[in-house]
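See below for the structure under consideration.
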Amino acid sequence: MEDLPDAEVPHTDPVPPRFHTGRLPNSKAGDGKPRLLLMGQRRSGKSSISSVVFHKLPPSETLYLETTTRIKKESMHSFMDFQVWDFPGHLDYFDPAFDVDNIFEEIGALIWVIDAQDEYLEAIMRLNTTILNLQHSYPNINVEVFVHKVDGLSEDYKGDTFRDIIQRVQDELSDHGYENAPVSFYQTSIYDHSIFEAFSKVIQKLIPQLPTLEALLNSLCSTCHIEKAYLFDIMSKIYIATDTSPTDIGSYEICSDYIDVVIDVSEIYGWPRGEQNGEDESLTETGNNDAESLITMERKGNNYLYLREINKYLALICLMGDDSPAEKKAVIDYNVGVFQAALKQVFPRAERDAVDAPAA
Amino acid sequence: MNTTKRQKQRKVLLMGKSGAGKSSMRSIVFSNYVAKDVRRLGATIDVEHSNIKFMGNLMLNLWDCGGQDGFVENYLTHQRAHVFSSVAVLIFVFDIESREFAADVISYSSIIRALAEHSPSAAVFVLIHKMDLVQSRLRQQLFEERAEYIRAASESFAPTVEFFATSIWDQSLYKAWTQIIYFLIPNARSIEGLLRELAEVVEARELILYERTTCLMVTHVTRDVEADNPFSDRFERISSILKTHKQSMAKHTGIPAGSANFAEMQIKTGRFMFFITRLTENTNLAASIPPSEQVFNAARINITLARPRFAELDVASKPRPAVQQAFAHSAETPAEREAAVAGFEG
């Protein structure tokens with residue numbers, strides 16, 4: 001009753017998304033905002049994806065979105081700034097009238113959305129043309145293919161469609177002599193967490209510090225007996241790093257739902273109270289600067305969830321292992337503090353921002 | 001489990017036209033359904049009885065009465081005395097989208113007449129349901145119009161009947177059910193008194209007592225600054241947040257949603273500290289306290305120490321079982337007692 005049929009199935013990509021490549025996104029200045037381009041056939045779900053992921057639109061409301069007629073550029077300010085460009089489906093990007101260089105110059109990733117419930121042959125053809133065209137001038141662009149709207153397909157059919165699309169894209173590219181193209185595939189839907197998971201992986205490839213973050217999380221996990229740790233971007237609920245133990249979508253979902261609980265409760269009780277604290281004035285308030293939270297479950301022994309705000313944008317969420325009892329929380333707090341200090345060195349920018357703009 | 005425990009049975013009738021959403025709301029509030037799952041529910045045939053244990057000594061005897069005309073006629077004729085006698089609460093659900101509102105009201109008033117005949121002291125709650133289908137700017141006006149019209153048809157219950165605009169898609173459902181439950185709890189006053197005392201002791205800004213399985217609020221105490229909290233619907237919101245979280249936990253851990261309870265949840269920020277912990281067998285206590293580590297720890301311990309007193313209230317007139325006594329002592333290890341004292345001094 002409470003299980004969605006596809007929720008428990010671990011994300012098994014026949015073609016695993018490549019690991020981080022360690023190279024910076026193509027960028028002239030080197031410090032520019034990486035750009036995510038959303039492209040694909042019309043009505044494949046590009047605008048819905050960007051509204052759900054970046055504007056928190058409830059998925060059911062996306063039915064009412066208007067057709068996109070011109071390129072919509074949106075800037076996201078978070079732990080790193082990036083731009084999302086939502087392209088109208090009908091545009092021909094390689095029309096000489098277009099300033100191709102301007103579009104693809106600082107691109108971080110090209111996200112190609114394919115509607116899995118529709119005829120996809122034409123979409124694949126256009127995708128391949130795009131990849132081949134880009135290959136000459138911008139060989140370093142990551143191409144991410146979202147096989148979208150898979151929620152409407154049965155389990156078997158979903159897998160078949162997914163494999164078929166991968167096969168066709170790869171065959172055609174190798175026919176043109178382009179082997180091992182930097183193309184990754186994801187099955188996505190806006191009605192569950194898969195779209196966030198896919199975006200997380202896309203974004204992770206754009207973070208040059210990823211190997212460092214993973215190493216930090218790994219050492220935190222092994223010291224504190226943490227089963228799984230995620231570093232979340234609070235606003236978009238994309239995770240920018242996790243330790244290198246196997247990921248399943250279940251643990252991502254539970255962490256993402258947990259952020260919601262903490263944010264919602266914080267909204268209710270975090271209103272500004274002014275200075276009239278009544279009789280409490282005798283007490284010095286020793287409240288945390290960074291929010292922290294934990295949940296202990298009744299049935300599963302010591303298993304619990306731990307959340308700690310790392311900075312303005314990021315939160316660390318850990319699923320604790322069975323052998324990490326709640327009594328040792330002080331040790332974990334300390335270790336997370338060390339982790340936080342290390343992260344400050346990795347992302348000096350976020351810190352600077354926090355100083356520049358004191359918390360609203 | 002214990003036959004000596006004197007339980008209060010309260011009969012609750014859930015009525016309304018077929019398709020109004022009676023079983024849907026019952027499944028969401030009492031059986032851990034998610035709003036979108038209710039699509040799978042079929043029509044209710046005749047009466048579905050369910051017994052819901054609430055707060056230890058209160059047993060809700062919920063009669064979900066199928067709303068098709070044939071059944072309703074049967075309730076009003078052959079089963080009249082059986083259905084309408086010793087009713088504590090009648091919950092009547094109107095569908096805001098109904099095309100035959102006048103006919104619905106006629107059916108309502110004949111049910112009200114039967115109720116007045118057999119249980120004149122019952123309370124009537126009218127839920128005007130599926131409000132999400134109405135444009136938000138028209139909602140309030142439409143609700144008031146309908147409420148006035150229904151009140152006029154409520155005969156002897158007209159002065160006391162209460163109206164709620166509800167929808168399964170937001171927290172309004174919890175708001176309505178919280179009021180209904182509050183009415184049914186026999187010792188609400190004494191629980192409230194005790195809770196207020198506790199709030200003073202632990203210096204809480206707010207204490208919310210809610211039932212574990214349904215996440216419905218039983219009662220709350222608000223002190224000082226918290227009274228200015230701009231979110232007046234926060235109690236329903238918390239019910240709804242907790243319920244959603246429960247479902248997410250159940251899904252992940254694979255345990256049934258009914259038993260996916262957390263032992264404790266803490267949230268600490270610079271502006272407030274908040275925790276939820278178990279108070280009695282069937283209730284959890286949510287506390288919002290000032291952002292201070294000492295107050296927080298002292299409050300946790302004091303609430304643990306207060307459990308037995310609430311447990312007594314929970315089971316009304318029954319001697320306290322040995323288990324609970326053991327429980328009370330376990331919380332009083334020297335270290336903890338010291339911490340409690342330190343908390344007060346700090």
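So you can find residues: chains in the structure tokens are A, B, ... in the order shown, residues in each start at 1, and ligands are numbered from 1 in order.
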
Residues near segment 187-201 of chain B, cut-off 9 Å, only C-alpha atoms, skip fewer than 2 positions along chain, as a PyMOL selection string | chain B and resi 182-185+203-209+218-223+287+299+302-303+306+309-310+313-314+316

Return the neighbours of chain A among the residues of chain B, cut-off 9 Å, counting only C-alpha atoms, as a PyMOL selection string.
-> chain B and resi 32-34+37+203+224-226+228-231+234+237-238+241-242+244-245+247-257+259-274+288+290-295+346

Polymer residues at most 10 Å from Arg42 of chain A, only C-alpha atoms, same-chain spacing of 3 or more positions, as a PyMOL selection string | chain A and resi 39+45-47+67-68+87-91+113-115+123

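Here atom CA of Glu197 of chain A and atom CA of Gln117 of chain A stand 20.5 Å from one another.
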
Where does DSSP see alpha helix (DSSP H) in segment 39-107 of chain B, if you list the residues as an MDAnalysis selection string?
-> chainID B and resid 69:76 80:84 101:107

How would the residues just picked look written out with all heavy atoms as a compact mmCIF listing (two decimals), in the first residue's frame?
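selection.txt, written as the output of this step:
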# COMPACT_ATOMS: atom_id res chain seq x y z
N ASP B 69 -28.07 5.50 -1.21
CA ASP B 69 -29.44 5.75 -0.76
C ASP B 69 -30.08 4.55 -0.07
O ASP B 69 -30.73 4.68 0.96
CB ASP B 69 -30.30 6.19 -1.94
CG ASP B 69 -29.85 7.55 -2.45
OD1 ASP B 69 -29.12 8.23 -1.70
OD2 ASP B 69 -30.20 7.91 -3.59
N GLY B 70 -29.86 3.36 -0.66
CA GLY B 70 -30.45 2.15 -0.10
C GLY B 70 -30.02 1.93 1.34
O GLY B 70 -30.85 1.64 2.21
N PHE B 71 -28.74 2.09 1.58
CA PHE B 71 -28.23 1.89 2.94
C PHE B 71 -28.83 2.92 3.89
O PHE B 71 -29.25 2.61 5.00
CB PHE B 71 -26.71 2.00 2.98
CG PHE B 71 -25.99 1.00 2.13
CD1 PHE B 71 -24.90 1.38 1.37
CD2 PHE B 71 -26.39 -0.33 2.11
CE1 PHE B 71 -24.22 0.46 0.59
CE2 PHE B 71 -25.72 -1.26 1.34
CZ PHE B 71 -24.64 -0.87 0.57
N VAL B 72 -28.84 4.17 3.44
CA VAL B 72 -29.29 5.25 4.31
C VAL B 72 -30.73 5.00 4.72
O VAL B 72 -31.11 5.16 5.89
CB VAL B 72 -29.13 6.62 3.61
CG1 VAL B 72 -29.71 7.72 4.47
CG2 VAL B 72 -27.68 6.90 3.32
N GLU B 73 -31.52 4.54 3.77
CA GLU B 73 -32.92 4.28 4.08
C GLU B 73 -33.03 3.19 5.14
O GLU B 73 -33.84 3.27 6.06
CB GLU B 73 -33.65 3.86 2.81
CG GLU B 73 -35.14 4.15 2.90
CD GLU B 73 -35.79 3.93 1.56
OE1 GLU B 73 -35.28 4.50 0.57
OE2 GLU B 73 -36.77 3.18 1.51
N ASN B 74 -32.16 2.19 4.98
CA ASN B 74 -32.11 1.11 5.94
C ASN B 74 -31.75 1.61 7.34
O ASN B 74 -32.36 1.21 8.33
CB ASN B 74 -31.09 0.08 5.44
CG ASN B 74 -31.20 -1.22 6.19
OD1 ASN B 74 -32.23 -1.50 6.80
ND2 ASN B 74 -30.13 -2.00 6.17
N TYR B 75 -30.76 2.51 7.40
CA TYR B 75 -30.38 3.06 8.72
C TYR B 75 -31.56 3.77 9.37
O TYR B 75 -31.75 3.71 10.58
CB TYR B 75 -29.25 4.09 8.63
CG TYR B 75 -28.01 3.66 7.89
CD1 TYR B 75 -27.29 4.57 7.13
CD2 TYR B 75 -27.55 2.35 7.98
CE1 TYR B 75 -26.14 4.19 6.46
CE2 TYR B 75 -26.40 1.96 7.29
CZ TYR B 75 -25.71 2.88 6.53
OH TYR B 75 -24.59 2.51 5.85
N LEU B 76 -32.34 4.44 8.53
CA LEU B 76 -33.40 5.28 9.07
C LEU B 76 -34.64 4.49 9.43
O LEU B 76 -35.48 4.96 10.18
CB LEU B 76 -33.76 6.38 8.07
CG LEU B 76 -32.70 7.48 7.90
CD1 LEU B 76 -33.02 8.35 6.73
CD2 LEU B 76 -32.55 8.30 9.17
N ARG B 80 -32.86 1.79 12.73
CA ARG B 80 -32.87 3.13 13.34
C ARG B 80 -32.33 3.14 14.77
O ARG B 80 -31.39 3.87 15.08
CB ARG B 80 -34.29 3.67 13.29
CG ARG B 80 -34.38 5.17 13.55
CD ARG B 80 -35.82 5.62 13.35
NE ARG B 80 -36.02 7.01 13.62
CZ ARG B 80 -36.09 7.97 12.69
NH1 ARG B 80 -35.96 7.65 11.41
NH2 ARG B 80 -36.29 9.22 13.02
N ALA B 81 -32.91 2.31 15.62
CA ALA B 81 -32.49 2.32 17.02
C ALA B 81 -31.06 1.81 17.15
O ALA B 81 -30.25 2.35 17.92
CB ALA B 81 -33.43 1.46 17.84
N HIS B 82 -30.74 0.79 16.36
CA HIS B 82 -29.42 0.18 16.43
C HIS B 82 -28.32 1.18 16.05
O HIS B 82 -27.29 1.30 16.73
CB HIS B 82 -29.41 -1.04 15.50
CG HIS B 82 -28.07 -1.66 15.33
ND1 HIS B 82 -27.38 -2.22 16.37
CD2 HIS B 82 -27.28 -1.82 14.22
CE1 HIS B 82 -26.23 -2.69 15.93
NE2 HIS B 82 -26.14 -2.46 14.63
N VAL B 83 -28.57 1.90 14.97
CA VAL B 83 -27.54 2.83 14.48
C VAL B 83 -27.47 4.09 15.34
O VAL B 83 -26.38 4.55 15.69
CB VAL B 83 -27.80 3.20 13.00
CG1 VAL B 83 -26.86 4.31 12.55
CG2 VAL B 83 -27.65 1.98 12.12
N PHE B 84 -28.61 4.64 15.69
CA PHE B 84 -28.60 5.98 16.27
C PHE B 84 -28.59 6.05 17.80
O PHE B 84 -28.53 7.12 18.36
CB PHE B 84 -29.74 6.81 15.71
CG PHE B 84 -29.56 7.14 14.26
CD1 PHE B 84 -30.22 6.43 13.27
CD2 PHE B 84 -28.69 8.16 13.87
CE1 PHE B 84 -30.03 6.72 11.94
CE2 PHE B 84 -28.49 8.46 12.55
CZ PHE B 84 -29.16 7.73 11.57
N PHE B 101 -27.02 19.60 -3.84
CA PHE B 101 -26.81 20.02 -2.46
C PHE B 101 -28.12 19.99 -1.66
O PHE B 101 -28.15 19.52 -0.52
CB PHE B 101 -26.18 21.42 -2.44
CG PHE B 101 -25.94 21.95 -1.08
CD1 PHE B 101 -25.09 21.30 -0.20
CD2 PHE B 101 -26.57 23.11 -0.64
CE1 PHE B 101 -24.87 21.78 1.07
CE2 PHE B 101 -26.36 23.60 0.64
CZ PHE B 101 -25.51 22.93 1.49
N ALA B 102 -29.20 20.46 -2.28
CA ALA B 102 -30.48 20.50 -1.57
C ALA B 102 -30.90 19.10 -1.12
O ALA B 102 -31.32 18.91 0.02
CB ALA B 102 -31.54 21.13 -2.46
N ALA B 103 -30.71 18.12 -2.01
CA ALA B 103 -31.07 16.75 -1.66
C ALA B 103 -30.19 16.23 -0.53
O ALA B 103 -30.67 15.53 0.37
CB ALA B 103 -30.93 15.85 -2.89
N ASP B 104 -28.92 16.60 -0.57
CA ASP B 104 -28.01 16.19 0.50
C ASP B 104 -28.50 16.71 1.85
O ASP B 104 -28.45 16.01 2.86
CB ASP B 104 -26.60 16.74 0.27
CG ASP B 104 -25.96 16.20 -0.99
OD1 ASP B 104 -26.53 15.25 -1.57
OD2 ASP B 104 -24.91 16.75 -1.40
N VAL B 105 -28.95 17.95 1.83
CA VAL B 105 -29.38 18.56 3.09
C VAL B 105 -30.66 17.89 3.60
O VAL B 105 -30.81 17.69 4.81
CB VAL B 105 -29.57 20.09 2.93
CG1 VAL B 105 -30.13 20.70 4.19
CG2 VAL B 105 -28.24 20.74 2.60
N ILE B 106 -31.52 17.49 2.68
CA ILE B 106 -32.74 16.80 3.12
C ILE B 106 -32.37 15.48 3.79
O ILE B 106 -32.87 15.15 4.88
CB ILE B 106 -33.69 16.57 1.91
CG1 ILE B 106 -34.24 17.92 1.46
CG2 ILE B 106 -34.81 15.60 2.27
CD1 ILE B 106 -34.95 17.88 0.13
N SER B 107 -31.46 14.76 3.18
CA SER B 107 -31.01 13.50 3.76
C SER B 107 -30.36 13.76 5.12
O SER B 107 -30.58 13.02 6.09
CB SER B 107 -30.05 12.83 2.79
OG SER B 107 -29.15 12.02 3.46
